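For reference, the structure is listed below as structure tokens.
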Amino acid sequence: MDELLPPAPLLDAARFELAIRRLADSLGHGTDRSMFRGAGQEYEQSRPYQAGDAVKAIDWRITARTGRLHVKEYEALRRVPVWLLVDTSASMTVGSRRPTKYEAAVCTAGGLALACLGRMRPVGCVGVGGRSLVVRPTLSRLATLGWLHRLRRYRLDEPTDFAASARLLEPLLAERSLVIVLSDLHDRTAAARLARIAQEHDVCLLVFRDPAERGLGAGILRAREAETGRALTTTGRFPSRRAEDQLAALRGAGIDGLVLDTDRPSTARLRLFFARRRPLAGRRP
């Protein structure tokens, strides 16, 4: 099955754009002090005050020390690019109820993308799956909506390959970037590749989880993995901590993250996450 399926009801064009705009509006507030803000200025030097300089730019510390007015000068405005790595694989598209992990991830990616544009941060996308989707960061709203609408369609048999996606992404990371991964982390190659990227860039994870993955009830279950077809035997007696355990392990590599359950509200948690977080790695000398 290599044909993309029509969008699910939640990803209907009109509903989709309304949902991502609402999320973007919410994320656009309360995140000013975080890396999510995007554009930033770094102090460069102080110089003597000149007629016409803004009063708010006065460097009061040096002014007090020298007895002469000085103002702070800053480096040119920086726009840190944002890359959204969206998992398009089969394990994201199947679920016990709506929305599926894929629907939730695509809507979240849309809200994040529009919020980034609102902060004048160029945003790009890489599809982590079998299809070819690599879009360089841009400030164009039209181009961003274009790849978001491409993501509305999906396959039920699409594989995932973080290693291949990372190979496509790494040459494009010419400058320090914020990389946001939206996935269920079912690919075992993901951790090592993300740790490598986090050595030079700010990486965070949004892990999507279906209600059934928190606990499937008592008993032994035989199932088949959606992407590979591999047979497996598991138990659903105890709630799964797989997502939390993976995030805890990746935190040691300088990556922080958030688990988002598809049956629970996520907007407030996303706002708090981006408002509070600081880059844990990727600090260049």
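Ordering of the structure tokens sets the chain letters (A, B, ...), residue numbers begin anew at 1 in every chain, and ligands are numbered from 1 in the order given.
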
>> Which residues are close to region 9-21 of chain A, i.e. within 9 Å by only C-alpha atoms, leaving aside same-chain residues fewer than 6 positions away? Reply as number ranges by chain.
In response: A: 98-99, 103-104, 106-115, 145, 149, 152-153

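Considering the residues A:Arg251, A:Arg214, A:Glu170, A:Ser26 and counting only C-alpha atoms, Leu270 (chain A) has its shortest atom-to-atom contact with A:Ser26.
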
>> Let's see if you can do this: from backbone DSSP, list all helix (DSSP H, G or I) residues in region 37-181 of chain A, as an MDAnalysis selection string.
In response: chainID A and resid 37 55:57 60:66 90:93 101:118 141:151 162:172

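Between CA of Ala192 (chain A) and CA of Arg79 (chain A) the separation is 27.6 Å.
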
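Comparing the minimum interatomic distances between Cys125 (chain A) and each of A:Ala54, A:Leu206, A:Ile180, A:Ala195, counting only C-alpha atoms, we find that A:Ile180 sits nearest.
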
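Proximity ranking of A:Ala64, A:Leu69, A:Ala243, A:Val82 relative to Val203 (chain A) places A:Val82 first, based on only C-alpha atoms.
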